[in-house]
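A.B. asks: One structure follows; several queries about it will come next.
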Amino acid sequence: MMQNNDKVDLTNSKLTIELKDDKEIEKIQEQILADIKGATSDKDERKRMYDKRRDFVAGRQEGYTNIIGLTQKSKQGHADQVINYVGRSAVKLYHSIGNNPPNLKTLPLSRTNEIEGLRAQSVEDFVDRVFWRNKWWKQGYKRAVMNQVVIADFGVKVYFDSSKKEIKITQAEKVENLLVGWRSDDALEYDWVAHTSMMSIDFIEKEWGIKVKPEIIAKGSNGNGQHGDEWGVDSKTSVNSPIGTKDIATQPMAQVTEYTTDEVYAIIIGERLCEYVKHDWSFNPWVIGHSLHMPGKPWSKSYIDDLMSPNIELNEVRNDARDYIRTASNAKYVARNMSDFDPESIKPGSGQVIFIDGPDSDFSTLTQTVNTYPVDNYVTMTKSFIHDMLVPEVGFGSSGSDSGRKSAIDYQTILDVTTDLRDAWELVLDGIIERVQILGAKYFPNVDFWKNPDTNEFEVRMMEYGWEDVMPISASDKIVNIMNKFQMGLPFETTFEELGYKDPHAIMEMMKAEAEDPVLVEYRAKMYQFMKGGVQAQQDAAQAASTPTTPDTNVPGTPSVNTPSPIMVSSENQGGLKPMSVKGGTTTYTSGKGLIDQTQQNLAAQGA
């Protein structure tokens, strides 16, 4: 077996190659390298699109334009402001999905079997613990959501770490490093997945005992590995940019590729096969997630793609308007018969001087009018177009005091997008949880809750996902709705599920225990009386606030402020020019005589 060559030394390797001889190793190595090479063009094409999406989310849009022939946007003396609606839209979607992860509930294989119910709850607790140990919901899940929103695709890896004896869940941070062998018969099925990354040769030797010689060392730079130029510090400098292009020194690195199928796990360093083992997991550790599905294509389209061109146009128009207003608003001066006047004596940037010959000497300001209506109207239309496509204007806090119905209509688009992204996540979570259960049953067989109580065989249990509403009703309204269902006969367990309790069965057991405790029963009875009195006090206060009160006045027959009374219509009144007000009434346009007639009619209607 080939243990070393002039590039990679496997003499002290801790990795295993489960192949018979050198000839078989070379054959497998060539096959894996051919798979990776065949997906390289797809990787390069995706990277260009990913870089563009990252530019727009980060606000680096000054280099993009819709004007044909314009290649240089940063022009001296011209505005170059970036209004980043694409980035704000991406963050809005990220918060909508990332801040509201689903509640998981394991569906038992049999609803009537009490043992199966307990086993299903135990499986759910095991999955929750795996997520907790991996900091999944607050770390991995949110980072994958950002990739789903911006990049449109993401990858999650589930595997068993034999050194730590635990199930690990990780994700591909740079999706362009993910190579997938998509199948031709199904656009979403794949035969193999390869993930390439740059690792330091010191780490490779420490982790696996493999020495990498300088021939295949790739010099690290700021763009290698997991990090890019998200903040634009290495881009071309401008007058407002104090940091220019700088070489960031890093340690020598080599390319490491992890290659996985449903049966095989392999590691290639450079172009050398260093590990090849057959696993019995019966699944590929990688789960590929998607965003906006494109039929016929394996990779997704990002929801922010359609916002890019309108965002460019919005920046173009705003910058043109800014140039126009700034130029036109600077004062221009007229110098009549003052040929010897020095224009440089005026403060720089204040305007221009126009010289005119005439009989009299005079220096005055040129009167001019700036009409910004066309520009403002166009900007408003462009913004509306962006809002209609994805994030409503109310999402940016600029909607004013719109009605609840209008806000709900405005939010309809983002509701649809959020629902679609959550559907994609349910497919990914199904894949993750299925792999967790398989690995749990394999590496933690001492517990018996993996098996179906009827067949005594291992069986994967399905999950049900409960997502929070994007525009939720108040907590009190939600509780009232659930309690109304409970009064109609909704079971205790379902009621507690809708209220958000993780383990309804445990809550019911606690209720049973409290019902058998005489002290708690007496205390609960007193609490019911106290709560009843509190509710009655609230009702009395509300009724007192709504009861009309008679004003403290000595004038008999004066109408109460809160008492409805008939008001004369305009045909019964005399026209007038000035508004007059009546204490306890409303402001109305009338004459003095009409006011007296109106007051007399109101008093008569009240029996005064």
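Numbering starts fresh at 1 for the residues of each chain in the structure tokens, the chains themselves are lettered A, B, ... in the order given, and ligands are numbered from 1 as they appear.
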Leaving out Leu307 in chain A and any residue of its chain fewer than 4 positions from it, which residues lie within 12 Å of it when counting only C-alpha atoms, given as a ChimeraX atom specification?
C.D. replies: /A:53,56-57,84-90,150,302-303,311-314,382-391
A.B. asks: Name all residues at most 8 Å from Val287 in chain A (count only C-alpha atoms; drop same-chain ones fewer than 4 positions away) and give them as a PyMOL selection string.
C.D. replies: chain A and resi 155-158+428+431-432
A.B. asks: Hey, can you check how far CA of Val521 in chain A sits from CA of Glu509 in chain A?
C.D. replies: 15.3 Å
A.B. asks: Given the choices A:Glu205, A:Gly489, A:Val460, A:Phe496, which gets closest to Leu107 in chain A if the distance is worked out from only C-alpha atoms?
C.D. replies: A:Val460
A.B. asks: Do a neighbour search on Trp281 in chain A at 12 Å with only C-alpha atoms, toss out local chain neighbours closer than 5 positions, and write the hits as number ranges by chain.
C.D. replies: A: 158-160, 260-265, 434-443
A.B. asks: Would you mind listing what lies within 6 Å of range 193-198 of chain A as a ChimeraX atom specification, with only C-alpha atoms counted and same-chain residues fewer than 4 positions away left out?
C.D. replies: /A:177-180,225,253-260
A.B. asks: Write out as number ranges by chain all residues of range 410-477 of chain A that DSSP puts in helix (DSSP H, G or I) for this structure's backbone.
C.D. replies: A: 410, 412-443, 475-477
A.B. asks: Point out the residue among A:Asn371, A:Gln529, A:Thr16, A:Thr106 with the least atom-to-atom distance to Ile267 in chain A, counting only C-alpha atoms.
C.D. replies: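 When distances to Ile267 in chain A are compared using only C-alpha atoms, the smallest one comes from A:Thr16.
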A.B. asks: Please compute the CA of Gln81 in chain A-CA of Asn147 in chain A distance, one decimal, in Å.
C.D. replies: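 Straight-line distance from CA of Gln81 in chain A to CA of Asn147 in chain A works out to 26.4 Å.
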A.B. asks: So, with only C-alpha atoms as the atoms that count, which of A:Val91, A:Val8, A:Ala335, A:Ile97 lies closest to Asp423 in chain A?
C.D. replies: A:Ile97
A.B. asks: My list of candidates is A:Asn315, A:Ser291, A:Ser200, A:Ser110. Which is closest to Tyr64 in chain A when distances are computed with only C-alpha atoms?
C.D. replies: A:Asn315
A.B. asks: Pick out the closest residue to Glu316 in chain A from this set: A:Val375, A:Leu93, A:Ala39, A:Ala34. Count only C-alpha atoms.
C.D. replies: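 The closest residue to Glu316 in chain A is A:Val375.
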A.B. asks: If I take CA of Ala525 in chain A and CA of Pro491 in chain A, how far is one from the other in Å, to one decimal?
C.D. replies: 22.9 Å
